[in-house]
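Worksheet: one structure, shown below.
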Amino acid sequence: MLMMVRPSGMADLVDLVIEDVRWEALEMNALAQQAANAALKIAGVSPEYEICIMGCDDARITELNAEFREKPTATNVLSWPAYDLAPEIEGGQPTPPPQVEELGDIAIAYETCEREATEKGITMQAHVLHLIVHGCLHLLGYDHETDKDATLMEKLEVKALASMGVDDPY
């Protein structure tokens with residue numbers, strides 16, 4: 001089942017595509033909007049953009065991971081930035097996004113998220129908020145390939161999550 005959901009009462013930052021109906025029981029619409037707004041705010045970026053988030057299952061994310069990363073396994077979250085905003089130096093600040101409408105796309109897999117939340121002893125909602133913040137920061141040019149980059153990205157994730165009442169996941 002494919003369903004497009006538009007958030008109400010908030011800026012249209014997130015376009016949500018639901019491919020797996022289990023996401024609806026989590027109020028994915030509200031979680032996605034909240035997490036995306038927190039990520040952009042903590043990164044100092046105006047929420048005048050659009051991010052597409054797809055709630056899918058492990059089978060779908062496995063296909064996407066194989067196609068785009070040549071890794072035919074399930075993962076928790078994938079992101080596709082519209083622009084390369086990566087910093088020039090390790091641990092540096094990414095380039096601010098251009099004044100465009102779209103920042104990029106994110107896919108999040110239900111079964112993997114559910115399993116990881118159970119393993120960590122946290123709620124599914126808290127884990128989903130974390131993964132969407134993580135994906136949004138990737139859209140903004142943050143990464144975790146080096147220790148310096150990971151430290152910067154994790155610091156922002158922790159701040160964004162704290163603003164939503166979610167404990168430090170690290």
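As shown in the structure tokens, the chain order sets the letters A, B, ...; within each chain, residues go from 1, and ligands are also counted from 1 in the order they appear.
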
Residues within 9 Å of Ala43 (chain A), only C-alpha atoms, excluding chain neighbours under 6 positions, as a ChimeraX atom specification: /A:137,140,156,160

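By only C-alpha atoms, and with residues fewer than 4 positions from Glu154 (chain A) along its chain excluded, the set lying at most 9 Å from it is A:His134, A:His144, A:Asp149, A:Ala150, A:Val158, A:Lys159, A:Tyr170.
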
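Using only C-alpha atoms, the protein and nucleic acid residues lying no more than 9 Å from region 161-169 of chain A, apart from those fewer than 2 places from it along its own chain, are Gln34, Ala35, Ala38, Ala39, Ile42, Lys120, Ala126, His127, Leu129, His130, Val133, Leu156, Glu157, Val158 and Lys159 of chain A.
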
Restricting the output to N, CA and C atoms, write the selected residues as a short mmCIF file (atom, residue, chain, number, x, y, z; two decimals), in the first residue's frame.
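Saved as selection_24.cif:
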```
data_model
loop_
_atom_site.label_atom_id
_atom_site.label_comp_id
_atom_site.auth_asym_id
_atom_site.auth_seq_id
_atom_site.Cartn_x
_atom_site.Cartn_y
_atom_site.Cartn_z
N GLN A 34 8.33 16.31 13.42
CA GLN A 34 9.03 16.74 14.62
C GLN A 34 10.54 16.55 14.48
N ALA A 35 10.95 15.38 14.04
CA ALA A 35 12.38 15.08 13.92
C ALA A 35 13.05 15.94 12.85
N ALA A 38 13.47 19.46 14.18
CA ALA A 38 14.52 19.52 15.20
C ALA A 38 15.91 19.45 14.57
N ALA A 39 16.07 18.58 13.57
CA ALA A 39 17.38 18.44 12.91
C ALA A 39 17.78 19.72 12.21
N ILE A 42 18.61 22.54 14.85
CA ILE A 42 19.88 22.36 15.55
C ILE A 42 21.06 22.61 14.62
N LYS A 120 17.96 -2.11 22.06
CA LYS A 120 18.46 -0.99 22.85
C LYS A 120 17.60 -0.72 24.09
N ALA A 126 11.18 6.74 19.93
CA ALA A 126 12.47 7.39 20.20
C ALA A 126 13.50 7.01 19.16
N HIS A 127 13.52 5.74 18.77
CA HIS A 127 14.49 5.29 17.77
C HIS A 127 14.19 5.90 16.40
N LEU A 129 12.66 8.77 15.82
CA LEU A 129 13.07 10.18 15.89
C LEU A 129 14.57 10.30 15.65
N HIS A 130 15.35 9.43 16.30
CA HIS A 130 16.81 9.46 16.13
C HIS A 130 17.19 9.21 14.67
N VAL A 133 16.35 12.19 12.44
CA VAL A 133 17.31 13.26 12.67
C VAL A 133 18.62 12.92 11.96
N LEU A 156 25.31 16.92 17.27
CA LEU A 156 24.08 17.54 16.77
C LEU A 156 22.87 16.63 16.99
N GLU A 157 23.05 15.33 16.76
CA GLU A 157 21.96 14.38 16.98
C GLU A 157 21.50 14.42 18.43
N VAL A 158 22.45 14.40 19.35
CA VAL A 158 22.13 14.40 20.78
C VAL A 158 21.36 15.67 21.15
N LYS A 159 21.80 16.82 20.62
CA LYS A 159 21.11 18.09 20.91
C LYS A 159 19.70 18.10 20.33
#
```

Considering only C-alpha atoms, can you say which of A:Val45, A:Val14, A:Ile51, A:Leu26 comes closest to Pro98 (chain A)? A:Val45

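In this model, the gap between CA of Glu90 (chain A) and CA of Leu40 (chain A) comes to 21.0 Å.
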
Please identify which residues in chain A DSSP calls strand (DSSP E) from the backbone, and express them as a list of chain:residue names. A:Met3, A:Met4, A:Val5, A:Val14, A:Asp15, A:Leu16, A:Val17, A:Ile18, A:Glu50, A:Ile51, A:Cys52, A:Ile53, A:Met54, A:Gly55, A:Cys56, A:Val77, A:Leu78, A:Ser79, A:Trp80, A:Pro81, A:Glu102, A:Leu103, A:Gly104, A:Asp105, A:Ile106, A:Ala107, A:Ile108, A:Ala109

Writing out the chosen residues with N, CA and C atoms as a PDB file, in the first residue's frame:
```pdb
ATOM      1  N   MET A   3       0.855   5.389   0.301  1.00  0.00           N
ATOM      2  CA  MET A   3      -0.022   6.469   0.706  1.00  0.00           C
ATOM      3  C   MET A   3       0.810   7.712   0.979  1.00  0.00           C
ATOM      4  N   MET A   4       0.429   8.842   0.415  1.00  0.00           N
ATOM      5  CA  MET A   4       1.102  10.099   0.665  1.00  0.00           C
ATOM      6  C   MET A   4       0.354  10.824   1.773  1.00  0.00           C
ATOM      7  N   VAL A   5       1.077  11.278   2.775  1.00  0.00           N
ATOM      8  CA  VAL A   5       0.468  11.956   3.908  1.00  0.00           C
ATOM      9  C   VAL A   5       1.069  13.343   4.020  1.00  0.00           C
ATOM     10  N   VAL A  14       7.938  18.036   5.615  1.00  0.00           N
ATOM     11  CA  VAL A  14       8.028  16.619   5.268  1.00  0.00           C
ATOM     12  C   VAL A  14       6.868  16.187   4.395  1.00  0.00           C
ATOM     13  N   ASP A  15       7.209  15.544   3.283  1.00  0.00           N
ATOM     14  CA  ASP A  15       6.244  14.780   2.505  1.00  0.00           C
ATOM     15  C   ASP A  15       6.481  13.333   2.900  1.00  0.00           C
ATOM     16  N   LEU A  16       5.471  12.690   3.422  1.00  0.00           N
ATOM     17  CA  LEU A  16       5.611  11.333   3.927  1.00  0.00           C
ATOM     18  C   LEU A  16       4.961  10.349   2.959  1.00  0.00           C
ATOM     19  N   VAL A  17       5.728   9.338   2.585  1.00  0.00           N
ATOM     20  CA  VAL A  17       5.231   8.266   1.737  1.00  0.00           C
ATOM     21  C   VAL A  17       5.238   6.993   2.583  1.00  0.00           C
ATOM     22  N   ILE A  18       4.072   6.409   2.792  1.00  0.00           N
ATOM     23  CA  ILE A  18       3.952   5.190   3.590  1.00  0.00           C
ATOM     24  C   ILE A  18       3.791   3.992   2.653  1.00  0.00           C
ATOM     25  N   GLU A  50      11.825  21.065   1.667  1.00  0.00           N
ATOM     26  CA  GLU A  50      10.984  19.874   1.626  1.00  0.00           C
ATOM     27  C   GLU A  50      11.875  18.649   1.683  1.00  0.00           C
ATOM     28  N   ILE A  51      11.473  17.713   2.524  1.00  0.00           N
ATOM     29  CA  ILE A  51      12.161  16.435   2.650  1.00  0.00           C
ATOM     30  C   ILE A  51      11.108  15.359   2.429  1.00  0.00           C
ATOM     31  N   CYS A  52      11.420  14.391   1.598  1.00  0.00           N
ATOM     32  CA  CYS A  52      10.514  13.261   1.401  1.00  0.00           C
ATOM     33  C   CYS A  52      11.023  12.100   2.251  1.00  0.00           C
ATOM     34  N   ILE A  53      10.158  11.571   3.096  1.00  0.00           N
ATOM     35  CA  ILE A  53      10.503  10.427   3.933  1.00  0.00           C
ATOM     36  C   ILE A  53       9.574   9.276   3.590  1.00  0.00           C
ATOM     37  N   MET A  54      10.177   8.132   3.287  1.00  0.00           N
ATOM     38  CA  MET A  54       9.410   6.938   2.949  1.00  0.00           C
ATOM     39  C   MET A  54       9.515   5.937   4.086  1.00  0.00           C
ATOM     40  N   GLY A  55       8.385   5.530   4.625  1.00  0.00           N
ATOM     41  CA  GLY A  55       8.320   4.473   5.617  1.00  0.00           C
ATOM     42  C   GLY A  55       8.075   3.156   4.897  1.00  0.00           C
ATOM     43  N   CYS A  56       9.088   2.306   4.881  1.00  0.00           N
ATOM     44  CA  CYS A  56       8.983   1.058   4.117  1.00  0.00           C
ATOM     45  C   CYS A  56       9.317  -0.130   5.013  1.00  0.00           C
ATOM     46  N   VAL A  77      18.157   3.121   7.984  1.00  0.00           N
ATOM     47  CA  VAL A  77      17.795   4.359   7.288  1.00  0.00           C
ATOM     48  C   VAL A  77      18.775   4.621   6.152  1.00  0.00           C
ATOM     49  N   LEU A  78      18.253   5.152   5.068  1.00  0.00           N
ATOM     50  CA  LEU A  78      19.060   5.584   3.921  1.00  0.00           C
ATOM     51  C   LEU A  78      18.671   7.018   3.598  1.00  0.00           C
ATOM     52  N   SER A  79      19.620   7.768   3.092  1.00  0.00           N
ATOM     53  CA  SER A  79      19.301   9.140   2.681  1.00  0.00           C
ATOM     54  C   SER A  79      19.976   9.462   1.362  1.00  0.00           C
ATOM     55  N   TRP A  80      19.294  10.319   0.593  1.00  0.00           N
ATOM     56  CA  TRP A  80      19.771  10.763  -0.706  1.00  0.00           C
ATOM     57  C   TRP A  80      19.719  12.288  -0.742  1.00  0.00           C
ATOM     58  N   PRO A  81      20.846  12.945  -0.431  1.00  0.00           N
ATOM     59  CA  PRO A  81      20.854  14.408  -0.453  1.00  0.00           C
ATOM     60  C   PRO A  81      20.665  14.936  -1.877  1.00  0.00           C
ATOM     61  N   GLU A 102      13.891  21.503  -2.288  1.00  0.00           N
ATOM     62  CA  GLU A 102      14.051  20.142  -1.809  1.00  0.00           C
ATOM     63  C   GLU A 102      15.452  19.871  -1.271  1.00  0.00           C
ATOM     64  N   LEU A 103      15.522  19.247  -0.085  1.00  0.00           N
ATOM     65  CA  LEU A 103      16.817  18.861   0.490  1.00  0.00           C
ATOM     66  C   LEU A 103      17.198  17.431   0.123  1.00  0.00           C
ATOM     67  N   GLY A 104      16.215  16.578  -0.095  1.00  0.00           N
ATOM     68  CA  GLY A 104      16.514  15.200  -0.452  1.00  0.00           C
ATOM     69  C   GLY A 104      15.480  14.236   0.093  1.00  0.00           C
ATOM     70  N   ASP A 105      15.834  12.952   0.027  1.00  0.00           N
ATOM     71  CA  ASP A 105      14.923  11.869   0.380  1.00  0.00           C
ATOM     72  C   ASP A 105      15.541  10.971   1.437  1.00  0.00           C
ATOM     73  N   ILE A 106      14.661  10.378   2.247  1.00  0.00           N
ATOM     74  CA  ILE A 106      15.065   9.449   3.299  1.00  0.00           C
ATOM     75  C   ILE A 106      14.130   8.246   3.234  1.00  0.00           C
ATOM     76  N   ALA A 107      14.680   7.047   3.438  1.00  0.00           N
ATOM     77  CA  ALA A 107      13.873   5.829   3.571  1.00  0.00           C
ATOM     78  C   ALA A 107      14.215   5.207   4.918  1.00  0.00           C
ATOM     79  N   ILE A 108      13.200   4.690   5.594  1.00  0.00           N
ATOM     80  CA  ILE A 108      13.390   4.084   6.908  1.00  0.00           C
ATOM     81  C   ILE A 108      12.623   2.760   6.939  1.00  0.00           C
ATOM     82  N   ALA A 109      13.279   1.705   7.446  1.00  0.00           N
ATOM     83  CA  ALA A 109      12.734   0.346   7.380  1.00  0.00           C
ATOM     84  C   ALA A 109      12.143  -0.088   8.716  1.00  0.00           C
TER      85      ALA A 109
END
```

Taking the DSSP secondary structure from the backbone, can you list the residues of region 26-144 of chain A that are alpha helix (DSSP H), as an MDAnalysis selection string? chainID A and resid 28:42 58:69 110:120 124:139

Kindly give the distance, in Å, that separates CA of Asp20 (chain A) and CA of Gln125 (chain A), rounded to a single decimal. 15.9 Å

Surrounding residues of Gly141 (chain A) excluding itself and chain neighbours under 5 positions, 10 Å, only C-alpha atoms, as a count of residues only: 13

Residue contacts of Cys113 (chain A) (8 Å, only C-alpha atoms) excluding same-chain residues fewer than 6 positions away, as a JSON list (two decimals) with N, CA and C atoms, in the first residue's frame:
```json
[["chain", "number", "residue", "atom", "x", "y", "z"],
["A", 76, "ASN", "N", 18.75, 0.39, 8.61],
["A", 76, "ASN", "CA", 17.69, 1.12, 9.29],
["A", 76, "ASN", "C", 17.22, 2.34, 8.51],
["A", 124, "MET", "N", 10.10, 2.47, 20.13],
["A", 124, "MET", "CA", 10.21, 2.58, 18.68],
["A", 124, "MET", "C", 10.16, 4.05, 18.28],
["A", 127, "HIS", "N", 13.52, 5.74, 18.77],
["A", 127, "HIS", "CA", 14.49, 5.29, 17.77],
["A", 127, "HIS", "C", 14.19, 5.90, 16.40],
["A", 128, "VAL", "N", 12.93, 5.97, 16.04],
["A", 128, "VAL", "CA", 12.55, 6.57, 14.76],
["A", 128, "VAL", "C", 12.92, 8.05, 14.73]]
```

What lies within 12 Å of Thr75 (chain A) using only C-alpha atoms, ignoring chain neighbours under 5 positions off, as a list in words? Cys56, Asp57, Asp58, Ala59, Arg60, Ile61, Thr62, Glu63, Leu64, Asn65, Ala66, Arg69, Ala107, Ile108, Ala109, Tyr110, Glu111, Thr112, Cys113, Glu114, Arg115, Glu116 and Leu131 of chain A

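Interatomic distance, CA of Ser46 (chain A) to CA of Met28 (chain A): 22.0 Å.
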
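In this comparison, which uses only C-alpha atoms, the residue of A:Gly121, A:Gly135, A:Gly91, A:Pro47 approaching Leu152 (chain A) most closely is A:Gly91.
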